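Printed here is input.json (JSON, C-alpha atoms):
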```json
[["chain", "number", "residue", "atom", "x", "y", "z"],
["A", 201, "MET", "CA", 111.54, 58.97, 97.18],
["A", 202, "SER", "CA", 108.76, 61.54, 97.19],
["A", 203, "LYS", "CA", 109.04, 64.80, 99.06],
["A", 204, "ILE", "CA", 106.64, 65.20, 102.00],
["A", 205, "LYS", "CA", 105.03, 68.49, 102.98],
["A", 206, "ILE", "CA", 103.37, 68.96, 106.37],
["A", 207, "VAL", "CA", 100.05, 70.84, 106.43],
["A", 208, "THR", "CA", 98.27, 71.91, 109.62],
["A", 209, "ASP", "CA", 95.77, 74.48, 110.88],
["A", 210, "SER", "CA", 95.90, 77.72, 112.88],
["A", 211, "THR", "CA", 95.02, 76.16, 116.24],
["A", 212, "LEU", "CA", 98.53, 74.76, 116.77],
["A", 213, "ASP", "CA", 99.96, 77.88, 118.49],
["A", 214, "MET", "CA", 103.32, 77.54, 116.77],
["A", 215, "PRO", "CA", 105.39, 80.73, 116.36],
["A", 216, "GLU", "CA", 105.64, 82.07, 112.83],
["A", 217, "GLU", "CA", 109.42, 81.66, 112.77],
["A", 218, "VAL", "CA", 109.11, 77.94, 113.57],
["A", 219, "LEU", "CA", 106.50, 77.44, 110.84],
["A", 220, "LYS", "CA", 108.91, 79.08, 108.39],
["A", 221, "LYS", "CA", 111.92, 77.13, 109.67],
["A", 222, "TYR", "CA", 110.23, 73.82, 108.95],
["A", 223, "ASP", "CA", 108.39, 75.10, 105.86],
["A", 224, "ILE", "CA", 105.01, 74.04, 107.27],
["A", 225, "GLU", "CA", 101.79, 75.00, 105.48],
["A", 226, "MET", "CA", 99.15, 76.44, 107.84],
["A", 227, "VAL", "CA", 95.49, 76.64, 106.79],
["A", 228, "PRO", "CA", 93.63, 79.10, 109.06],
["A", 229, "LEU", "CA", 90.27, 78.71, 110.71],
["A", 230, "SER", "CA", 88.15, 81.88, 110.94],
["A", 231, "VAL", "CA", 86.46, 83.81, 113.73],
["A", 232, "THR", "CA", 83.43, 86.07, 113.47],
["A", 233, "ILE", "CA", 82.86, 88.92, 115.92],
["A", 234, "ASN", "CA", 80.60, 91.97, 115.68],
["A", 235, "GLY", "CA", 79.48, 90.85, 112.24],
["A", 236, "GLU", "CA", 83.01, 90.74, 110.82],
["A", 237, "THR", "CA", 84.93, 87.57, 109.91],
["A", 238, "TYR", "CA", 88.71, 87.26, 110.22],
["A", 239, "LEU", "CA", 91.20, 84.54, 109.35],
["A", 240, "ASP", "CA", 92.68, 83.24, 112.59],
["A", 241, "CYS", "CA", 96.36, 84.19, 113.07],
["A", 242, "VAL", "CA", 96.36, 85.90, 109.65],
["A", 243, "GLU", "CA", 93.97, 88.86, 109.76],
["A", 244, "ILE", "CA", 93.61, 89.35, 113.53],
["A", 245, "GLU", "CA", 96.01, 89.09, 116.46],
["A", 246, "PRO", "CA", 95.10, 87.65, 119.89],
["A", 247, "VAL", "CA", 95.43, 90.92, 121.83],
["A", 248, "ALA", "CA", 93.19, 92.84, 119.42],
["A", 249, "PHE", "CA", 90.67, 90.00, 119.41],
["A", 250, "LEU", "CA", 90.56, 89.89, 123.22],
["A", 251, "LYS", "CA", 89.80, 93.61, 123.32],
["A", 252, "MET", "CA", 86.97, 93.18, 120.81],
["A", 253, "MET", "CA", 85.59, 90.19, 122.70],
["A", 254, "ARG", "CA", 85.71, 92.09, 125.99],
["A", 255, "GLU", "CA", 83.62, 94.89, 124.51],
["A", 256, "SER", "CA", 81.14, 92.69, 122.63],
["A", 257, "ASN", "CA", 77.76, 91.65, 123.99],
["A", 258, "GLU", "CA", 77.63, 88.64, 121.70],
["A", 259, "LEU", "CA", 79.68, 85.46, 121.77],
["A", 260, "PRO", "CA", 82.11, 85.29, 118.82],
["A", 261, "LYS", "CA", 81.97, 82.24, 116.58],
["A", 262, "SER", "CA", 84.68, 80.14, 115.01],
["A", 263, "SER", "CA", 84.50, 78.28, 111.70],
["A", 264, "GLN", "CA", 86.58, 75.47, 110.22],
["A", 265, "PRO", "CA", 88.45, 76.04, 106.94],
["A", 266, "SER", "CA", 86.41, 75.25, 103.85],
["A", 267, "VAL", "CA", 87.05, 72.15, 101.77],
["A", 268, "GLY", "CA", 88.11, 74.51, 98.99],
["A", 269, "SER", "CA", 90.80, 76.09, 101.18],
["A", 270, "PHE", "CA", 92.41, 72.71, 101.78],
["A", 271, "LEU", "CA", 91.95, 71.63, 98.16],
["A", 272, "GLU", "CA", 93.81, 74.68, 96.88],
["A", 273, "VAL", "CA", 96.76, 73.93, 99.18],
["A", 274, "TYR", "CA", 96.84, 70.20, 98.37],
["A", 275, "ASP", "CA", 96.67, 70.71, 94.61],
["A", 276, "ARG", "CA", 99.36, 73.41, 94.72],
["A", 277, "LEU", "CA", 101.67, 71.13, 96.68],
["A", 278, "HIS", "CA", 100.97, 68.29, 94.23],
["A", 279, "GLU", "CA", 102.07, 70.54, 91.36],
["A", 280, "GLN", "CA", 105.29, 71.17, 93.31],
["A", 281, "GLY", "CA", 105.91, 67.43, 93.57],
["A", 282, "TYR", "CA", 104.93, 66.85, 97.19],
["A", 283, "GLU", "CA", 103.11, 64.11, 99.01],
["A", 284, "VAL", "CA", 101.04, 65.66, 101.84],
["A", 285, "LEU", "CA", 100.69, 64.77, 105.50],
["A", 286, "SER", "CA", 97.92, 66.95, 106.94],
["A", 287, "ILE", "CA", 97.78, 67.05, 110.77],
["A", 288, "HIS", "CA", 94.93, 68.82, 112.53],
["A", 289, "MET", "CA", 93.16, 69.68, 115.75],
["A", 290, "THR", "CA", 90.91, 67.06, 117.33],
["A", 291, "GLY", "CA", 87.86, 66.21, 115.26],
["A", 292, "LYS", "CA", 85.75, 66.08, 118.42],
["A", 293, "MET", "CA", 85.98, 69.87, 118.74],
["A", 294, "SER", "CA", 85.90, 70.99, 115.11],
["A", 295, "GLY", "CA", 85.04, 69.86, 111.62],
["A", 296, "THR", "CA", 88.52, 70.86, 110.41],
["A", 297, "VAL", "CA", 89.67, 67.26, 110.02],
["A", 298, "ARG", "CA", 86.53, 66.42, 108.05],
["A", 299, "SER", "CA", 87.10, 69.36, 105.69],
["A", 300, "ALA", "CA", 90.67, 68.16, 105.16],
["A", 301, "GLU", "CA", 89.49, 64.59, 104.49],
["A", 302, "CYS", "CA", 86.94, 65.76, 101.93],
["A", 303, "ALA", "CA", 89.58, 67.84, 100.15],
["A", 304, "ALA", "CA", 92.02, 64.91, 100.22],
["A", 305, "GLN", "CA", 89.50, 62.75, 98.36],
["A", 306, "MET", "CA", 89.07, 65.44, 95.70],
["A", 307, "SER", "CA", 92.72, 66.39, 95.30],
["A", 308, "LYS", "CA", 95.18, 65.14, 92.73],
["A", 309, "ALA", "CA", 97.74, 64.95, 95.51],
["A", 310, "LYS", "CA", 98.49, 61.91, 97.66],
["A", 311, "VAL", "CA", 97.22, 63.18, 101.02],
["A", 312, "THR", "CA", 97.15, 61.48, 104.42],
["A", 313, "VAL", "CA", 95.01, 63.28, 107.01],
["A", 314, "ILE", "CA", 95.75, 62.82, 110.70],
["A", 315, "ASP", "CA", 93.51, 63.71, 113.65],
["A", 316, "SER", "CA", 96.02, 64.75, 116.33],
["A", 317, "GLU", "CA", 93.36, 64.33, 119.05],
["A", 318, "PHE", "CA", 94.79, 67.51, 120.55],
["A", 319, "ILE", "CA", 94.94, 71.25, 120.04],
["A", 320, "SER", "CA", 97.36, 74.14, 120.59],
["A", 321, "LYS", "CA", 100.94, 73.26, 121.62],
["A", 322, "ALA", "CA", 99.97, 69.60, 121.99],
["A", 323, "LEU", "CA", 99.08, 69.66, 118.28],
["A", 324, "SER", "CA", 102.32, 71.48, 117.48],
["A", 325, "PHE", "CA", 104.37, 68.73, 119.14],
["A", 326, "GLN", "CA", 103.12, 66.27, 116.52],
["A", 327, "VAL", "CA", 103.48, 68.76, 113.66],
["A", 328, "LYS", "CA", 107.07, 69.62, 114.58],
["A", 329, "GLU", "CA", 108.09, 65.96, 114.93],
["A", 330, "ALA", "CA", 106.53, 65.22, 111.54],
["A", 331, "ALA", "CA", 108.30, 68.16, 109.89],
["A", 332, "GLU", "CA", 111.66, 67.14, 111.33],
["A", 333, "MET", "CA", 111.23, 63.57, 110.13],
["A", 334, "ALA", "CA", 110.10, 64.74, 106.68],
["A", 335, "LYS", "CA", 113.29, 66.79, 106.37],
["A", 336, "GLN", "CA", 115.26, 63.65, 107.27],
["A", 337, "GLY", "CA", 113.65, 61.83, 104.36],
["A", 338, "ARG", "CA", 111.53, 59.48, 106.45],
["A", 339, "SER", "CA", 108.42, 57.91, 104.94],
["A", 340, "VAL", "CA", 104.82, 58.84, 105.76],
["A", 341, "GLU", "CA", 104.40, 55.44, 107.42],
["A", 342, "GLU", "CA", 107.41, 56.05, 109.69],
["A", 343, "ILE", "CA", 106.16, 59.51, 110.60],
["A", 344, "ILE", "CA", 102.65, 58.25, 111.43],
["A", 345, "GLN", "CA", 104.11, 55.58, 113.70],
["A", 346, "ARG", "CA", 106.09, 58.22, 115.58],
["A", 347, "LEU", "CA", 103.05, 60.47, 115.87],
["A", 348, "ASP", "CA", 101.11, 57.65, 117.52],
["A", 349, "THR", "CA", 103.81, 57.55, 120.20],
["A", 350, "VAL", "CA", 103.93, 61.33, 120.64],
["A", 351, "ARG", "CA", 100.14, 61.41, 121.00],
["A", 352, "SER", "CA", 100.15, 58.70, 123.67],
["A", 353, "LYS", "CA", 102.83, 60.54, 125.65],
["A", 354, "SER", "CA", 101.22, 64.01, 125.49],
["A", 355, "SER", "CA", 99.27, 65.80, 128.21],
["A", 356, "LEU", "CA", 97.12, 68.93, 128.19],
["A", 357, "TYR", "CA", 95.67, 70.72, 131.23],
["A", 358, "ILE", "CA", 93.55, 73.85, 130.98],
["A", 359, "MET", "CA", 92.06, 76.32, 133.48],
["A", 360, "VAL", "CA", 89.15, 78.54, 132.44],
["A", 361, "ASP", "CA", 89.08, 81.77, 134.42],
["A", 362, "THR", "CA", 85.67, 83.13, 133.46],
["A", 363, "LEU", "CA", 82.26, 81.64, 132.76],
["A", 364, "GLU", "CA", 81.25, 84.69, 130.69],
["A", 365, "ASN", "CA", 81.66, 83.02, 127.28],
["A", 366, "LEU", "CA", 79.67, 80.01, 128.47],
["A", 367, "VAL", "CA", 76.87, 82.37, 129.52],
["A", 368, "LYS", "CA", 76.94, 84.28, 126.21],
["A", 369, "GLY", "CA", 76.83, 80.98, 124.36],
["A", 370, "GLY", "CA", 73.82, 79.84, 126.37],
["A", 371, "ARG", "CA", 75.74, 76.90, 127.87],
["A", 372, "ILE", "CA", 75.00, 77.88, 131.48],
["A", 373, "GLY", "CA", 72.63, 80.32, 133.16],
["A", 374, "LYS", "CA", 73.69, 83.69, 134.53],
["A", 375, "GLY", "CA", 72.77, 82.52, 138.04],
["A", 376, "LYS", "CA", 75.30, 79.71, 137.94],
["A", 377, "ALA", "CA", 77.94, 82.03, 136.51],
["A", 378, "PHE", "CA", 77.29, 84.55, 139.29],
["A", 379, "LEU", "CA", 77.53, 81.81, 141.90],
["A", 380, "GLY", "CA", 80.76, 80.55, 140.37],
["A", 381, "SER", "CA", 82.19, 84.08, 140.48],
["A", 382, "LEU", "CA", 81.25, 84.48, 144.13],
["A", 383, "LEU", "CA", 82.95, 81.20, 145.00],
["A", 384, "ASN", "CA", 85.90, 82.11, 142.78],
["A", 385, "ILE", "CA", 85.92, 78.59, 141.35],
["A", 386, "LYS", "CA", 88.51, 77.94, 138.66],
["A", 387, "PRO", "CA", 87.80, 74.62, 136.93],
["A", 388, "ILE", "CA", 90.75, 72.59, 135.60],
["A", 389, "ALA", "CA", 90.29, 69.95, 132.92],
["A", 390, "SER", "CA", 92.54, 67.55, 131.04],
["A", 391, "LEU", "CA", 92.27, 66.54, 127.41],
["A", 392, "GLU", "CA", 92.33, 62.75, 127.15],
["A", 393, "GLY", "CA", 91.04, 60.64, 124.29],
["A", 394, "ALA", "CA", 90.29, 63.89, 122.44],
["A", 395, "GLU", "CA", 87.72, 64.88, 125.10],
["A", 396, "TYR", "CA", 87.86, 67.23, 128.07],
["A", 397, "HIS", "CA", 87.61, 65.68, 131.51],
["A", 398, "PRO", "CA", 87.19, 67.82, 134.66],
["A", 399, "VAL", "CA", 90.01, 66.98, 137.07],
["A", 400, "ALA", "CA", 89.91, 69.69, 139.75],
["A", 401, "LYS", "CA", 88.17, 72.82, 141.04],
["A", 402, "VAL", "CA", 90.46, 75.30, 142.74],
["A", 403, "ARG", "CA", 89.74, 78.68, 144.30],
["A", 404, "SER", "CA", 92.88, 80.70, 143.66],
["A", 405, "TYR", "CA", 95.64, 81.27, 141.13],
["A", 406, "SER", "CA", 98.19, 79.94, 143.61],
["A", 407, "GLN", "CA", 96.30, 76.65, 143.64],
["A", 408, "VAL", "CA", 96.26, 76.61, 139.83],
["A", 409, "ILE", "CA", 100.05, 77.05, 139.83],
["A", 410, "LYS", "CA", 100.51, 74.32, 142.41],
["A", 411, "TYR", "CA", 98.23, 71.86, 140.56],
["A", 412, "PHE", "CA", 99.86, 72.37, 137.15],
["A", 413, "ALA", "CA", 103.43, 72.15, 138.45],
["A", 414, "LYS", "CA", 102.73, 69.12, 140.64],
["A", 415, "GLN", "CA", 101.00, 67.26, 137.81],
["A", 416, "PHE", "CA", 103.89, 67.99, 135.48],
["A", 417, "ALA", "CA", 106.47, 66.82, 138.03],
["A", 418, "GLU", "CA", 104.61, 63.55, 138.61],
["A", 419, "ASP", "CA", 104.12, 62.80, 134.91],
["A", 420, "VAL", "CA", 107.71, 63.44, 133.77],
["A", 421, "LYS", "CA", 109.54, 61.80, 136.68],
["A", 422, "ASP", "CA", 112.37, 59.61, 135.34],
["A", 423, "ARG", "CA", 111.37, 60.41, 131.75],
["A", 424, "THR", "CA", 112.95, 62.38, 128.91],
["A", 425, "ILE", "CA", 111.01, 65.63, 128.42],
["A", 426, "ARG", "CA", 110.57, 66.37, 124.73],
["A", 427, "GLY", "CA", 108.59, 69.60, 124.80],
["A", 428, "VAL", "CA", 106.67, 71.89, 127.15],
["A", 429, "GLY", "CA", 104.43, 74.83, 126.33],
["A", 430, "ILE", "CA", 102.07, 77.20, 128.11],
["A", 431, "VAL", "CA", 99.49, 79.24, 126.23],
["A", 432, "HIS", "CA", 97.11, 81.82, 127.63],
["A", 433, "ALA", "CA", 94.43, 84.38, 126.90],
["A", 434, "GLU", "CA", 95.87, 87.46, 128.65],
["A", 435, "ALA", "CA", 97.30, 85.50, 131.60],
["A", 436, "GLY", "CA", 101.00, 86.03, 130.97],
["A", 437, "GLU", "CA", 101.91, 86.68, 134.60],
["A", 438, "LEU", "CA", 100.25, 83.43, 135.69],
["A", 439, "ALA", "CA", 102.08, 81.57, 132.90],
["A", 440, "LEU", "CA", 105.44, 82.86, 134.16],
["A", 441, "LYS", "CA", 104.64, 81.77, 137.71],
["A", 442, "ILE", "CA", 103.74, 78.27, 136.51],
["A", 443, "LYS", "CA", 107.03, 78.13, 134.59],
["A", 444, "GLU", "CA", 108.92, 79.20, 137.72],
["A", 445, "SER", "CA", 107.13, 76.61, 139.84],
["A", 446, "ILE", "CA", 107.95, 73.87, 137.31],
["A", 447, "TYR", "CA", 111.61, 74.87, 137.52],
["A", 448, "GLU", "CA", 111.56, 74.83, 141.31],
["A", 449, "LEU", "CA", 110.05, 71.34, 141.39],
["A", 450, "THR", "CA", 111.94, 69.72, 138.51],
["A", 451, "GLY", "CA", 114.82, 71.93, 137.41],
["A", 452, "PHE", "CA", 113.33, 72.05, 133.89],
["A", 453, "GLN", "CA", 113.19, 75.54, 132.40],
["A", 454, "ASP", "CA", 112.78, 75.24, 128.62],
["A", 455, "VAL", "CA", 109.07, 76.16, 128.66],
["A", 456, "GLU", "CA", 107.59, 78.04, 125.69],
["A", 457, "ILE", "CA", 105.03, 80.70, 126.65],
["A", 458, "GLY", "CA", 102.69, 82.57, 124.32],
["A", 459, "TYR", "CA", 99.15, 83.66, 123.53],
["A", 460, "THR", "CA", 96.75, 81.03, 122.30],
["A", 461, "ASN", "CA", 94.92, 81.49, 119.01],
["A", 462, "THR", "CA", 91.65, 83.36, 118.56],
["A", 463, "THR", "CA", 89.74, 80.15, 117.79],
["A", 464, "VAL", "CA", 90.50, 78.79, 121.25],
["A", 465, "MET", "CA", 89.75, 82.17, 122.85],
["A", 466, "VAL", "CA", 86.22, 82.09, 121.42],
["A", 467, "HIS", "CA", 85.48, 79.11, 123.63],
["A", 468, "THR", "CA", 87.63, 79.72, 126.72],
["A", 469, "GLY", "CA", 87.20, 83.46, 127.17],
["A", 470, "GLU", "CA", 89.77, 85.78, 128.70],
["A", 471, "GLY", "CA", 92.13, 84.58, 131.42],
["A", 472, "ALA", "CA", 92.31, 80.94, 130.34],
["A", 473, "ILE", "CA", 95.63, 79.13, 130.55],
["A", 474, "ALA", "CA", 96.83, 75.71, 129.43],
["A", 475, "LEU", "CA", 99.94, 73.62, 130.13],
["A", 476, "MET", "CA", 100.99, 71.01, 127.59],
["A", 477, "TYR", "CA", 103.96, 68.64, 127.43],
["A", 478, "TYR", "CA", 105.18, 65.35, 126.02],
["A", 479, "PHE", "CA", 107.92, 62.94, 126.90],
["A", 480, "ASP", "CA", 109.60, 59.66, 125.97]]
```
For this file, produce the structure as C-alpha cells.
Amino acid sequence: MSKIKIVTDSTLDMPEEVLKKYDIEMVPLSVTINGETYLDCVEIEPVAFLKMMRESNELPKSSQPSVGSFLEVYDRLHEQGYEVLSIHMTGKMSGTVRSAECAAQMSKAKVTVIDSEFISKALSFQVKEAAEMAKQGRSVEEIIQRLDTVRSKSSLYIMVDTLENLVKGGRIGKGKAFLGSLLNIKPIASLEGAEYHPVAKVRSYSQVIKYFAKQFAEDVKDRTIRGVGIVHAEAGELALKIKESIYELTGFQDVEIGYTNTTVMVHTGEGAIALMYYFD
C-alpha cells in the first residue's frame, strides 16, 4: 500500500499547527503590493498586509503558484515514496488548480489533483478530512469519494464591508461606491457551484450577524455538524458576535475564528468576513 501525502495551497486558512499535525504540504500563492511580491502566509502576515493595503493607492495583485513550484513538491514527495493528492481552491477564481494539473502531468509522482470548488476554511474541511483518511491508510479512491460528500454538504457565506478594492480594481465606478457607502449597504453572497451568488443586502452589522446565524441554524437543523469556521479581514469583534449568536440559536460553540489569507484580502478588502461550515 502506497503512502499518500496531501498537498494544498495557502488559501485554505488552516492554522500552522494543524498543517504540521497532519503533515500537509502547503504551496503558497503570492501577492504583489507597492511593487514588492510576497509569498502568501510565508513572507507576509495578514495584519501587516492590511496596513500596507490601507496605505496604498493601487490595488494589490495575487498570483497562482508556478508550475515549477508544484513540480518541485511533487517530485520531492515521489522520491520519499509518496503518492500525492493535491487539493486546491476553486478553479473558477484562480489558475492554481491548472498549475497543479500541469505539474502533475510532468512529475514522476502519481498525482491526483482535486478542485475543491471552495476556498478558505471550506477548502480546509476537505484537506483535513483527506489528511485524516490518509493517516488511516485509506486509498485515494476512498478519500475522493468522501471529499465529494464533504463538498456537497459545505456552505460558505461572505460579507464585503468596503467597495474600495472594487473601485481600485476598476470593477465599479467611484460614484457607485460613494452611493453604496452613503446607504451603508453590506452585500452578502454565498459560494455555490464554485461561483458567488448574491443572497442579501443588509444595512448594519447587527443584520449581518442575524443573517449568518439564522442561515447556519436552518442549514444544520437535525444534522451532525462536522466543522465551523469564521475568517475575517480585521473584523474580529464581528466574528465573535456571530459566534455568540450561533451559540444562542443552536447551542453550538466549537467555531474556529481567524484572519483570512492575504490572497483573499486582495479581492475582498478590509472588513470582510465569511462563515463556513459542513455537516453530515
Worksheet item: So, counting all atoms listed in the file, which residue among A:Ile344, A:Ala439, A:Ile206, A:Val247 is closest to A:Ser406?
Response: A:Ala439
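Using all atoms listed in the file, the nearest neighbour of A:Glu395 within the list A:Gly291, A:Gly451, A:Gly429, A:Gly235 is A:Gly291.
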Item to complete: Could you tell me which of A:Met293, A:Ala334, A:Ile233, A:Ala303 comes closest to A:Ser266 if we count only C-alpha atoms?
Response: A:Ala303
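Residue nearest A:Gln305 within the list A:Tyr274, A:Val455, A:Leu259, A:Asn234: A:Tyr274 [criterion: smallest interatomic distance, only C-alpha atoms].
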Item to complete: Determine, counting only C-alpha atoms, which protein, DNA and RNA residues have an atom within 9 Å of an atom of A:Glu434; residues of the same chain fewer than 5 positions away are not included. Present the result as an MDAnalysis selection string.
Response: chainID A and resid 246:247 250 459 470:473
Worksheet item: atom CA of A:Ser294 and atom CA of A:Ala433, how far apart in Å?
Response: 19.8 Å
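Counting only C-alpha atoms and comparing A:Glu236, A:Lys443, A:Ala331, A:Val466, the residue that lies closest to A:Lys220 is A:Ala331.
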Worksheet item: So what do you get for atom CA of A:Val464 versus atom CA of A:Thr211, distance-wise?
Response: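 So the two atoms, atom CA of A:Val464 and atom CA of A:Thr211, lie 7.2 Å apart.
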Item to complete: Please measure the separation of atom CA of A:Cys241 and atom CA of A:Met289, giving the value in Å to one decimal.
Response: 15.1 Å
